[in-house]
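Enquirer: Contents of my_file_38.pdb (PDB, C-alpha atoms, pLDDT in the B column):
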```pdb
MODEL        1
ATOM      1  CA  MET D   1     -30.821  77.974 118.038  1.00 39.00           C
ATOM      2  CA  LYS D   2     -28.472  79.398 115.426  1.00 39.00           C
ATOM      3  CA  THR D   3     -27.510  75.937 114.160  1.00 41.00           C
ATOM      4  CA  LYS D   4     -31.149  74.954 113.965  1.00 45.00           C
ATOM      5  CA  THR D   5     -31.984  78.076 111.934  1.00 45.00           C
ATOM      6  CA  ASN D   6     -29.105  77.459 109.548  1.00 53.00           C
ATOM      7  CA  SER D   7     -30.228  73.857 109.156  1.00 54.00           C
ATOM      8  CA  LYS D   8     -33.745  74.998 108.303  1.00 60.00           C
ATOM      9  CA  LYS D   9     -32.339  77.428 105.736  1.00 52.00           C
ATOM     10  CA  VAL D  10     -30.228  74.681 104.158  1.00 52.00           C
ATOM     11  CA  ASN D  11     -33.177  72.278 104.027  1.00 68.00           C
ATOM     12  CA  LYS D  12     -35.424  74.971 102.542  1.00 63.00           C
ATOM     13  CA  ALA D  13     -32.794  75.856  99.920  1.00 51.00           C
ATOM     14  CA  TRP D  14     -32.304  72.190  99.023  1.00 44.00           C
ATOM     15  CA  LEU D  15     -36.064  71.665  98.705  1.00 56.00           C
ATOM     16  CA  HIS D  16     -36.372  74.730  96.477  1.00 52.00           C
ATOM     17  CA  ASP D  17     -33.526  73.539  94.244  1.00 58.00           C
ATOM     18  CA  HIS D  18     -34.937  70.009  94.141  1.00 58.00           C
ATOM     19  CA  ILE D  19     -38.445  71.101  93.152  1.00 63.00           C
ATOM     20  CA  ASN D  20     -37.083  73.354  90.417  1.00 71.00           C
ATOM     21  CA  ASP D  21     -34.455  70.910  89.182  1.00 84.00           C
ATOM     22  CA  PRO D  22     -35.044  70.195  85.463  1.00 89.00           C
ATOM     23  CA  TYR D  23     -33.879  66.593  85.876  1.00 89.00           C
ATOM     24  CA  VAL D  24     -36.306  66.023  88.744  1.00 93.00           C
ATOM     25  CA  LYS D  25     -39.114  67.311  86.519  1.00 92.00           C
ATOM     26  CA  LEU D  26     -37.907  65.218  83.591  1.00 92.00           C
ATOM     27  CA  ALA D  27     -37.710  62.082  85.755  1.00 92.00           C
ATOM     28  CA  ALA D  28     -41.288  62.606  86.917  1.00 93.00           C
ATOM     29  CA  ARG D  29     -42.438  63.144  83.352  1.00 93.00           C
ATOM     30  CA  GLU D  30     -40.617  60.106  81.950  1.00 94.00           C
ATOM     31  CA  GLY D  31     -41.426  57.759  84.821  1.00 92.00           C
ATOM     32  CA  TYR D  32     -38.007  57.412  86.422  1.00 96.00           C
ATOM     33  CA  ARG D  33     -37.830  56.957  90.188  1.00 96.00           C
ATOM     34  CA  ALA D  34     -34.919  59.385  90.555  1.00 94.00           C
ATOM     35  CA  ARG D  35     -32.966  61.967  88.552  1.00 93.00           C
ATOM     36  CA  ALA D  36     -29.945  59.652  88.846  1.00 95.00           C
ATOM     37  CA  ALA D  37     -31.188  57.823  85.735  1.00 97.00           C
ATOM     38  CA  TYR D  38     -29.903  60.696  83.599  1.00 97.00           C
ATOM     39  CA  LYS D  39     -26.394  60.361  85.005  1.00 97.00           C
ATOM     40  CA  LEU D  40     -26.109  56.789  83.767  1.00 97.00           C
ATOM     41  CA  LYS D  41     -27.893  57.724  80.538  1.00 97.00           C
ATOM     42  CA  GLU D  42     -25.334  60.437  79.740  1.00 97.00           C
ATOM     43  CA  ILE D  43     -22.403  58.171  80.608  1.00 97.00           C
ATOM     44  CA  ASP D  44     -23.821  55.439  78.383  1.00 98.00           C
ATOM     45  CA  GLU D  45     -24.653  57.744  75.477  1.00 97.00           C
ATOM     46  CA  THR D  46     -21.113  59.145  75.579  1.00 97.00           C
ATOM     47  CA  LEU D  47     -19.172  55.907  76.044  1.00 97.00           C
ATOM     48  CA  HIS D  48     -21.622  53.385  74.501  1.00 97.00           C
ATOM     49  CA  LEU D  49     -21.298  50.832  77.292  1.00 97.00           C
ATOM     50  CA  ILE D  50     -24.784  49.283  77.434  1.00 97.00           C
ATOM     51  CA  LYS D  51     -25.957  47.127  74.536  1.00 95.00           C
ATOM     52  CA  PRO D  52     -28.958  44.846  74.037  1.00 95.00           C
ATOM     53  CA  GLY D  53     -28.216  41.217  74.842  1.00 96.00           C
ATOM     54  CA  GLN D  54     -25.786  42.010  77.662  1.00 98.00           C
ATOM     55  CA  LEU D  55     -25.776  40.849  81.250  1.00 98.00           C
ATOM     56  CA  VAL D  56     -25.582  43.917  83.508  1.00 98.00           C
ATOM     57  CA  VAL D  57     -25.303  44.001  87.311  1.00 98.00           C
ATOM     58  CA  ASP D  58     -26.548  47.072  89.195  1.00 98.00           C
ATOM     59  CA  LEU D  59     -24.935  47.431  92.642  1.00 96.00           C
ATOM     60  CA  GLY D  60     -26.622  49.719  95.162  1.00 95.00           C
ATOM     61  CA  SER D  61     -29.693  49.749  92.935  1.00 97.00           C
ATOM     62  CA  THR D  62     -32.405  51.156  95.232  1.00 96.00           C
ATOM     63  CA  PRO D  63     -34.642  53.044  94.441  1.00 97.00           C
ATOM     64  CA  GLY D  64     -34.139  51.621  90.953  1.00 98.00           C
ATOM     65  CA  ALA D  65     -33.552  54.519  88.540  1.00 98.00           C
ATOM     66  CA  TRP D  66     -30.410  52.968  87.058  1.00 98.00           C
ATOM     67  CA  SER D  67     -32.147  49.606  86.652  1.00 98.00           C
ATOM     68  CA  GLN D  68     -35.035  51.412  84.968  1.00 98.00           C
ATOM     69  CA  TYR D  69     -32.635  53.004  82.487  1.00 98.00           C
ATOM     70  CA  LEU D  70     -30.928  49.661  81.831  1.00 98.00           C
ATOM     71  CA  ARG D  71     -34.280  47.989  81.306  1.00 97.00           C
ATOM     72  CA  ARG D  72     -35.353  50.588  78.726  1.00 97.00           C
ATOM     73  CA  ARG D  73     -31.951  50.589  77.042  1.00 97.00           C
ATOM     74  CA  MET D  74     -32.095  46.815  76.578  1.00 96.00           C
ATOM     75  CA  SER D  75     -35.674  46.784  75.344  1.00 94.00           C
ATOM     76  CA  PRO D  76     -36.072  46.519  71.537  1.00 90.00           C
ATOM     77  CA  ASP D  77     -38.317  49.596  71.513  1.00 87.00           C
ATOM     78  CA  GLY D  78     -37.030  51.395  74.630  1.00 89.00           C
ATOM     79  CA  ALA D  79     -40.135  50.504  76.619  1.00 89.00           C
ATOM     80  CA  ALA D  80     -40.372  50.241  80.404  1.00 89.00           C
ATOM     81  CA  VAL D  81     -42.356  46.991  80.060  1.00 91.00           C
ATOM     82  CA  GLY D  82     -42.567  44.130  77.612  1.00 91.00           C
ATOM     83  CA  GLU D  83     -39.767  42.405  75.738  1.00 92.00           C
ATOM     84  CA  LEU D  84     -36.266  42.598  77.188  1.00 95.00           C
ATOM     85  CA  ASN D  85     -33.143  41.629  75.243  1.00 96.00           C
ATOM     86  CA  GLY D  86     -30.633  40.911  77.986  1.00 97.00           C
ATOM     87  CA  THR D  87     -30.326  40.228  81.701  1.00 97.00           C
ATOM     88  CA  ILE D  88     -30.340  42.760  84.549  1.00 98.00           C
ATOM     89  CA  ILE D  89     -29.479  41.748  88.105  1.00 98.00           C
ATOM     90  CA  ALA D  90     -29.878  44.403  90.791  1.00 98.00           C
ATOM     91  CA  LEU D  91     -28.593  44.229  94.369  1.00 97.00           C
ATOM     92  CA  ASP D  92     -29.066  46.452  97.391  1.00 96.00           C
ATOM     93  CA  LEU D  93     -29.185  46.250 101.174  1.00 94.00           C
ATOM     94  CA  LEU D  94     -32.494  48.115 101.046  1.00 95.00           C
ATOM     95  CA  PRO D  95     -35.747  46.884  99.470  1.00 97.00           C
ATOM     96  CA  MET D  96     -36.606  47.997  95.938  1.00 98.00           C
ATOM     97  CA  GLU D  97     -39.985  48.169  94.260  1.00 97.00           C
ATOM     98  CA  PRO D  98     -40.135  45.583  91.442  1.00 97.00           C
ATOM     99  CA  ILE D  99     -39.144  46.534  87.894  1.00 97.00           C
ATOM    100  CA  GLU D 100     -40.402  44.260  85.141  1.00 96.00           C
ATOM    101  CA  GLY D 101     -37.600  42.056  83.851  1.00 95.00           C
ATOM    102  CA  VAL D 102     -35.109  43.017  86.584  1.00 97.00           C
ATOM    103  CA  ASN D 103     -33.958  40.276  88.958  1.00 98.00           C
ATOM    104  CA  PHE D 104     -33.593  42.028  92.329  1.00 98.00           C
ATOM    105  CA  ILE D 105     -31.680  40.519  95.232  1.00 98.00           C
ATOM    106  CA  GLN D 106     -31.855  42.207  98.617  1.00 97.00           C
ATOM    107  CA  GLY D 107     -28.841  41.722 100.833  1.00 95.00           C
ATOM    108  CA  ASP D 108     -25.070  42.011 101.171  1.00 93.00           C
ATOM    109  CA  PHE D 109     -23.201  40.206  98.373  1.00 89.00           C
ATOM    110  CA  ARG D 110     -20.318  39.566 100.787  1.00 89.00           C
ATOM    111  CA  GLU D 111     -22.586  37.123 102.675  1.00 93.00           C
ATOM    112  CA  GLY D 112     -22.696  33.511 101.562  1.00 92.00           C
ATOM    113  CA  ASP D 113     -26.449  33.136 101.143  1.00 95.00           C
ATOM    114  CA  VAL D 114     -26.751  36.356  99.116  1.00 94.00           C
ATOM    115  CA  LEU D 115     -23.737  35.419  96.993  1.00 91.00           C
ATOM    116  CA  ALA D 116     -25.385  32.043  96.298  1.00 94.00           C
ATOM    117  CA  LEU D 117     -28.528  33.834  95.057  1.00 96.00           C
ATOM    118  CA  LEU D 118     -26.374  36.037  92.849  1.00 94.00           C
ATOM    119  CA  GLU D 119     -24.483  33.105  91.376  1.00 92.00           C
ATOM    120  CA  THR D 120     -27.785  31.343  90.674  1.00 95.00           C
ATOM    121  CA  ALA D 121     -29.039  34.467  88.872  1.00 96.00           C
ATOM    122  CA  LEU D 122     -25.795  34.683  86.881  1.00 95.00           C
ATOM    123  CA  GLY D 123     -26.251  31.079  85.777  1.00 95.00           C
ATOM    124  CA  GLY D 124     -22.560  30.476  85.210  1.00 95.00           C
ATOM    125  CA  ARG D 125     -22.157  33.653  83.130  1.00 97.00           C
ATOM    126  CA  GLN D 126     -20.086  36.770  83.761  1.00 98.00           C
ATOM    127  CA  ALA D 127     -21.392  40.318  83.534  1.00 98.00           C
ATOM    128  CA  ASP D 128     -20.658  42.482  80.509  1.00 98.00           C
ATOM    129  CA  VAL D 129     -21.074  45.652  82.584  1.00 98.00           C
ATOM    130  CA  VAL D 130     -21.245  46.373  86.324  1.00 98.00           C
ATOM    131  CA  VAL D 131     -22.701  49.691  87.465  1.00 98.00           C
ATOM    132  CA  SER D 132     -22.400  50.920  91.035  1.00 96.00           C
ATOM    133  CA  ASP D 133     -24.219  53.883  92.517  1.00 93.00           C
ATOM    134  CA  MET D 134     -23.259  52.747  96.013  1.00 90.00           C
ATOM    135  CA  ALA D 135     -22.539  55.586  98.418  1.00 81.00           C
ATOM    136  CA  PRO D 136     -21.857  55.621 102.159  1.00 77.00           C
ATOM    137  CA  ASN D 137     -23.771  57.569 104.760  1.00 74.00           C
ATOM    138  CA  LEU D 138     -21.406  60.525 105.178  1.00 69.00           C
ATOM    139  CA  SER D 139     -20.637  61.654 108.727  1.00 69.00           C
ATOM    140  CA  GLY D 140     -18.863  64.917 107.951  1.00 69.00           C
ATOM    141  CA  ILE D 141     -15.685  63.517 109.511  1.00 70.00           C
ATOM    142  CA  HIS D 142     -13.242  63.698 106.617  1.00 68.00           C
ATOM    143  CA  SER D 143     -11.015  60.737 107.419  1.00 71.00           C
ATOM    144  CA  ALA D 144     -13.926  58.435 108.249  1.00 73.00           C
ATOM    145  CA  ASP D 145     -15.881  59.426 105.143  1.00 72.00           C
ATOM    146  CA  ALA D 146     -12.844  58.955 102.888  1.00 74.00           C
ATOM    147  CA  ALA D 147     -12.362  55.466 104.305  1.00 81.00           C
ATOM    148  CA  ARG D 148     -16.026  54.594 103.694  1.00 83.00           C
ATOM    149  CA  VAL D 149     -15.857  55.797 100.086  1.00 81.00           C
ATOM    150  CA  GLU D 150     -12.659  53.843  99.427  1.00 87.00           C
ATOM    151  CA  TYR D 151     -14.154  50.715 100.956  1.00 90.00           C
ATOM    152  CA  LEU D 152     -17.237  50.777  98.707  1.00 91.00           C
ATOM    153  CA  ILE D 153     -15.066  51.375  95.638  1.00 93.00           C
ATOM    154  CA  GLU D 154     -12.897  48.444  96.658  1.00 94.00           C
ATOM    155  CA  LEU D 155     -16.018  46.271  96.941  1.00 93.00           C
ATOM    156  CA  ALA D 156     -17.213  47.323  93.480  1.00 95.00           C
ATOM    157  CA  ILE D 157     -13.807  46.625  91.897  1.00 97.00           C
ATOM    158  CA  GLU D 158     -13.507  43.240  93.601  1.00 96.00           C
ATOM    159  CA  PHE D 159     -17.029  42.373  92.483  1.00 95.00           C
ATOM    160  CA  ALA D 160     -16.119  43.230  88.883  1.00 97.00           C
ATOM    161  CA  GLN D 161     -12.907  41.216  89.102  1.00 97.00           C
ATOM    162  CA  ASN D 162     -14.835  38.170  90.333  1.00 95.00           C
ATOM    163  CA  HIS D 163     -18.018  38.405  88.257  1.00 96.00           C
ATOM    164  CA  MET D 164     -17.282  40.395  85.086  1.00 98.00           C
ATOM    165  CA  LYS D 165     -15.852  39.473  81.686  1.00 98.00           C
ATOM    166  CA  PRO D 166     -12.196  40.487  81.165  1.00 98.00           C
ATOM    167  CA  GLN D 167     -13.220  43.038  78.506  1.00 98.00           C
ATOM    168  CA  GLY D 168     -16.135  44.374  80.586  1.00 98.00           C
ATOM    169  CA  ALA D 169     -16.708  47.801  82.103  1.00 98.00           C
ATOM    170  CA  LEU D 170     -17.334  49.082  85.636  1.00 98.00           C
ATOM    171  CA  VAL D 171     -19.123  52.392  86.243  1.00 98.00           C
ATOM    172  CA  ALA D 172     -18.775  53.550  89.858  1.00 96.00           C
ATOM    173  CA  LYS D 173     -19.734  56.664  91.770  1.00 93.00           C
ATOM    174  CA  VAL D 174     -16.857  58.336  93.626  1.00 91.00           C
ATOM    175  CA  PHE D 175     -16.367  61.624  95.444  1.00 86.00           C
ATOM    176  CA  HIS D 176     -13.720  64.296  95.036  1.00 82.00           C
ATOM    177  CA  GLY D 177     -11.836  64.677  98.277  1.00 77.00           C
ATOM    178  CA  GLY D 178      -8.818  63.410 100.139  1.00 73.00           C
ATOM    179  CA  SER D 179      -9.235  59.827  98.913  1.00 82.00           C
ATOM    180  CA  TYR D 180      -9.965  60.631  95.263  1.00 89.00           C
ATOM    181  CA  ASN D 181      -6.417  60.175  93.943  1.00 91.00           C
ATOM    182  CA  ASP D 182      -6.089  56.873  95.818  1.00 91.00           C
ATOM    183  CA  VAL D 183      -9.372  55.667  94.310  1.00 93.00           C
ATOM    184  CA  VAL D 184      -8.211  56.633  90.792  1.00 95.00           C
ATOM    185  CA  GLN D 185      -4.951  54.744  91.324  1.00 95.00           C
ATOM    186  CA  ARG D 186      -6.895  51.706  92.522  1.00 95.00           C
ATOM    187  CA  PHE D 187      -8.971  51.857  89.325  1.00 97.00           C
ATOM    188  CA  LYS D 188      -5.828  52.175  87.195  1.00 97.00           C
ATOM    189  CA  SER D 189      -4.324  49.118  88.867  1.00 97.00           C
ATOM    190  CA  ALA D 190      -7.465  47.102  88.068  1.00 98.00           C
ATOM    191  CA  PHE D 191      -8.395  48.331  84.560  1.00 98.00           C
ATOM    192  CA  THR D 192      -6.514  48.972  81.324  1.00 98.00           C
ATOM    193  CA  SER D 193      -8.536  52.142  80.630  1.00 98.00           C
ATOM    194  CA  VAL D 194      -9.941  54.566  83.223  1.00 98.00           C
ATOM    195  CA  LYS D 195     -12.096  57.588  82.427  1.00 97.00           C
ATOM    196  CA  PRO D 196     -13.472  60.157  84.910  1.00 96.00           C
ATOM    197  CA  PHE D 197     -16.909  61.533  84.008  1.00 96.00           C
ATOM    198  CA  LYS D 198     -19.043  64.283  85.536  1.00 94.00           C
ATOM    199  CA  PRO D 199     -22.551  64.098  84.015  1.00 93.00           C
ATOM    200  CA  LYS D 200     -24.570  67.274  83.540  1.00 92.00           C
ATOM    201  CA  ALA D 201     -27.256  65.700  85.747  1.00 88.00           C
ATOM    202  CA  SER D 202     -24.776  65.670  88.640  1.00 85.00           C
ATOM    203  CA  ARG D 203     -25.209  68.984  90.449  1.00 79.00           C
ATOM    204  CA  ASP D 204     -22.300  71.410  90.083  1.00 75.00           C
ATOM    205  CA  ARG D 205     -21.867  71.822  93.820  1.00 77.00           C
ATOM    206  CA  SER D 206     -21.841  68.058  94.389  1.00 79.00           C
ATOM    207  CA  SER D 207     -18.446  66.437  94.877  1.00 83.00           C
ATOM    208  CA  GLU D 208     -19.664  63.269  93.186  1.00 89.00           C
ATOM    209  CA  THR D 209     -18.210  62.118  89.902  1.00 91.00           C
ATOM    210  CA  PHE D 210     -17.949  58.752  88.194  1.00 96.00           C
ATOM    211  CA  LEU D 211     -15.067  56.546  87.192  1.00 97.00           C
ATOM    212  CA  ILE D 212     -15.399  54.131  84.291  1.00 98.00           C
ATOM    213  CA  GLY D 213     -12.936  51.273  84.161  1.00 98.00           C
ATOM    214  CA  VAL D 214     -12.785  49.201  80.964  1.00 98.00           C
ATOM    215  CA  GLY D 215     -10.835  45.964  80.478  1.00 98.00           C
ATOM    216  CA  LEU D 216      -9.640  44.085  83.547  1.00 98.00           C
ATOM    217  CA  ARG D 217      -5.925  43.765  84.042  1.00 96.00           C
ATOM    218  CA  ASN D 218      -4.608  40.224  84.560  1.00 84.00           C
TER     219      ASN D 218
ENDMDL
END
```
Let me see the structure of the file written as structure tokens.

Expert:
Amino acid sequence: MKTKTNSKKVNKAWLHDHINDPYVKLAAREGYRARAAYKLKEIDETLHLIKPGQLVVDLGSTPGAWSQYLRRRMSPDGAAVGELNGTIIALDLLPMEPIEGVNFIQGDFREGDVLALLETALGGRQADVVVSDMAPNLSGIHSADAARVEYLIELAIEFAQNHMKPQGALVAKVFHGGSYNDVVQRFKSAFTSVKPFKPKASRDRSSETFLIGVGLRN
């Protein structure tokens, strides 16, 4: 019974924080599906990664907040609908509600049929930017969770190496913990420039941060 009570307290505290979160309120007001949009927005406004006319791939896109930001960023007037100057391809294992102008592919890009759909959408081009908000379902078992995080990062890096321009950029969510230094080293072996970034929209108590790799190494 004690564990159950503690769990209820944690859930109640999380709900209270969520309801009162300024980014949650801002997302609702501005029409974003999740507060995560402001994480990518801050990264982009600081590092100037996203530009109109680009081809951007959004990995782990559901529910679509990052794709929504990309769509507005690549619109001539910042609108959520209408003209779009660029190409956005979103992928996720889970379904995603449509976003005007975003080409969504549901499935695992490691599978042949999904990869074929992706390559058709790319049309022989390479991405300018790849963004990845992929995250594993954490079990609480440190070693297992670290391995899951590393695996998803490895997938994102390999995807960028196979489908991104040599001078492109990868933005990927990572977690501070036992595997963090290994993940940073993996980034440094793949990219000429690596920057860690903790957006203000990422909660202080969260172990999540983001790594931005720019310029693929040969």

Enquirer: At what distance in Å, to one decimal, does atom CA of Trp66 of chain D lie from atom CA of Ser193 of chain D?

Expert: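 Separation between atom CA of Ser193 of chain D and atom CA of Trp66 of chain D: 22.8 Å.
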
Enquirer: With only C-alpha atoms as the counted atoms, please give the residues lying no more than 9 Å from segment 82-84 of chain D, apart from itself and same-chain residues fewer than 4 positions off, as JSON, numbers by chain.

Expert: {"D": [52, 53, 71, 72, 74, 75, 76, 77, 100, 101]}

Enquirer: For this file, the PyMOL selection byres ((chain D and resi 122-129) around 9) selects which residues, as a ChimeraX atom specification?

Expert: /D:49-50,54-58,87,89,117-121,130-131,160,162-171

Enquirer: Give me, please, the distance in Å between atom CA of Gly78 of chain D and atom CA of Tyr23 of chain D, quoted to one decimal.

Expert: 19.2 Å

Enquirer: Which of these, D:Thr209, D:Phe159, D:Leu152, D:Phe175, has the shortest distance to Ala190 of chain D once you count all atoms listed in the file?

Expert: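 Closest to Ala190 of chain D, using all atoms listed in the file: D:Phe159.
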
Enquirer: Using only C-alpha atoms, find the one residue out of D:Ala116, D:Val183, D:Ala135, D:Ala27 that sits nearest to Glu154 of chain D.

Expert: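 Residue with the minimum atom-to-atom distance to Glu154 of chain D: D:Val183.
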
Enquirer: For a test of reading the model, state the distance in Å between atom CA of Leu155 of chain D and atom CA of Lys200 of chain D, rounded to one decimal.

Expert: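 A separation of 26.3 Å between them.
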
Enquirer: Can you pull out every residue within 9 Å of Arg186 of chain D, counting all atoms listed in the file, but drop anything in the same chain fewer than 4 positions away, and send it as number ranges by chain?

Expert: D: 153-154, 157, 181-182, 190-191

Enquirer: Between D:Ser179, D:Gln185, D:Gln106, D:Ser67, which residue has the minimum interatomic distance to Leu40 of chain D, considering all atoms listed in the file?

Expert: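 Between D:Ser179, D:Gln185, D:Gln106, D:Ser67, the residue approaching Leu40 of chain D most closely is D:Ser67.
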
Enquirer: Care to translate the PyMOL selection byres ((chain D and resi 195) around 10) into actual residues of this file, as a PDB file with C-alpha atoms, keeping the file's coordinate frame?

Expert:
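After the write, result21.pdb holds the following:
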```pdb
ATOM      1  CA  LEU D  47     -19.172  55.907  76.044  1.00 97.00           C
ATOM      2  CA  VAL D 171     -19.123  52.392  86.243  1.00 98.00           C
ATOM      3  CA  VAL D 184      -8.211  56.633  90.792  1.00 95.00           C
ATOM      4  CA  PHE D 187      -8.971  51.857  89.325  1.00 97.00           C
ATOM      5  CA  LYS D 188      -5.828  52.175  87.195  1.00 97.00           C
ATOM      6  CA  SER D 193      -8.536  52.142  80.630  1.00 98.00           C
ATOM      7  CA  VAL D 194      -9.941  54.566  83.223  1.00 98.00           C
ATOM      8  CA  PRO D 196     -13.472  60.157  84.910  1.00 96.00           C
ATOM      9  CA  PHE D 197     -16.909  61.533  84.008  1.00 96.00           C
ATOM     10  CA  PHE D 210     -17.949  58.752  88.194  1.00 96.00           C
ATOM     11  CA  LEU D 211     -15.067  56.546  87.192  1.00 97.00           C
ATOM     12  CA  ILE D 212     -15.399  54.131  84.291  1.00 98.00           C
ATOM     13  CA  GLY D 213     -12.936  51.273  84.161  1.00 98.00           C
ATOM     14  CA  VAL D 214     -12.785  49.201  80.964  1.00 98.00           C
TER      15      VAL D 214
END
```

Enquirer: Apply the PyMOL selection byres ((chain D and resi 202) around 12) to the file shown and report the selected residues as a tab-separated table (two decimals) with C-alpha atoms, in the frame of the given file.

Expert:
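Output (out-v7.tsv):
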```tsv
chain	number	residue	atom	x	y	z
D	21	ASP	CA	-34.46	70.91	89.18
D	22	PRO	CA	-35.04	70.19	85.46
D	23	TYR	CA	-33.88	66.59	85.88
D	24	VAL	CA	-36.31	66.02	88.74
D	35	ARG	CA	-32.97	61.97	88.55
D	36	ALA	CA	-29.94	59.65	88.85
D	37	ALA	CA	-31.19	57.82	85.74
D	38	TYR	CA	-29.90	60.70	83.60
D	39	LYS	CA	-26.39	60.36	85.00
D	40	LEU	CA	-26.11	56.79	83.77
D	41	LYS	CA	-27.89	57.72	80.54
D	42	GLU	CA	-25.33	60.44	79.74
D	43	ILE	CA	-22.40	58.17	80.61
D	173	LYS	CA	-19.73	56.66	91.77
D	174	VAL	CA	-16.86	58.34	93.63
D	175	PHE	CA	-16.37	61.62	95.44
D	197	PHE	CA	-16.91	61.53	84.01
D	198	LYS	CA	-19.04	64.28	85.54
D	199	PRO	CA	-22.55	64.10	84.02
D	200	LYS	CA	-24.57	67.27	83.54
D	201	ALA	CA	-27.26	65.70	85.75
D	203	ARG	CA	-25.21	68.98	90.45
D	204	ASP	CA	-22.30	71.41	90.08
D	205	ARG	CA	-21.87	71.82	93.82
D	206	SER	CA	-21.84	68.06	94.39
D	207	SER	CA	-18.45	66.44	94.88
D	208	GLU	CA	-19.66	63.27	93.19
D	209	THR	CA	-18.21	62.12	89.90
D	210	PHE	CA	-17.95	58.75	88.19
```

Enquirer: Rank D:His176, D:Arg217, D:Arg73, D:Arg110 by their smallest atom-to-atom distance to Glu45 of chain D, using all atoms listed in the file, and report the top residue only.

Expert: D:Arg73
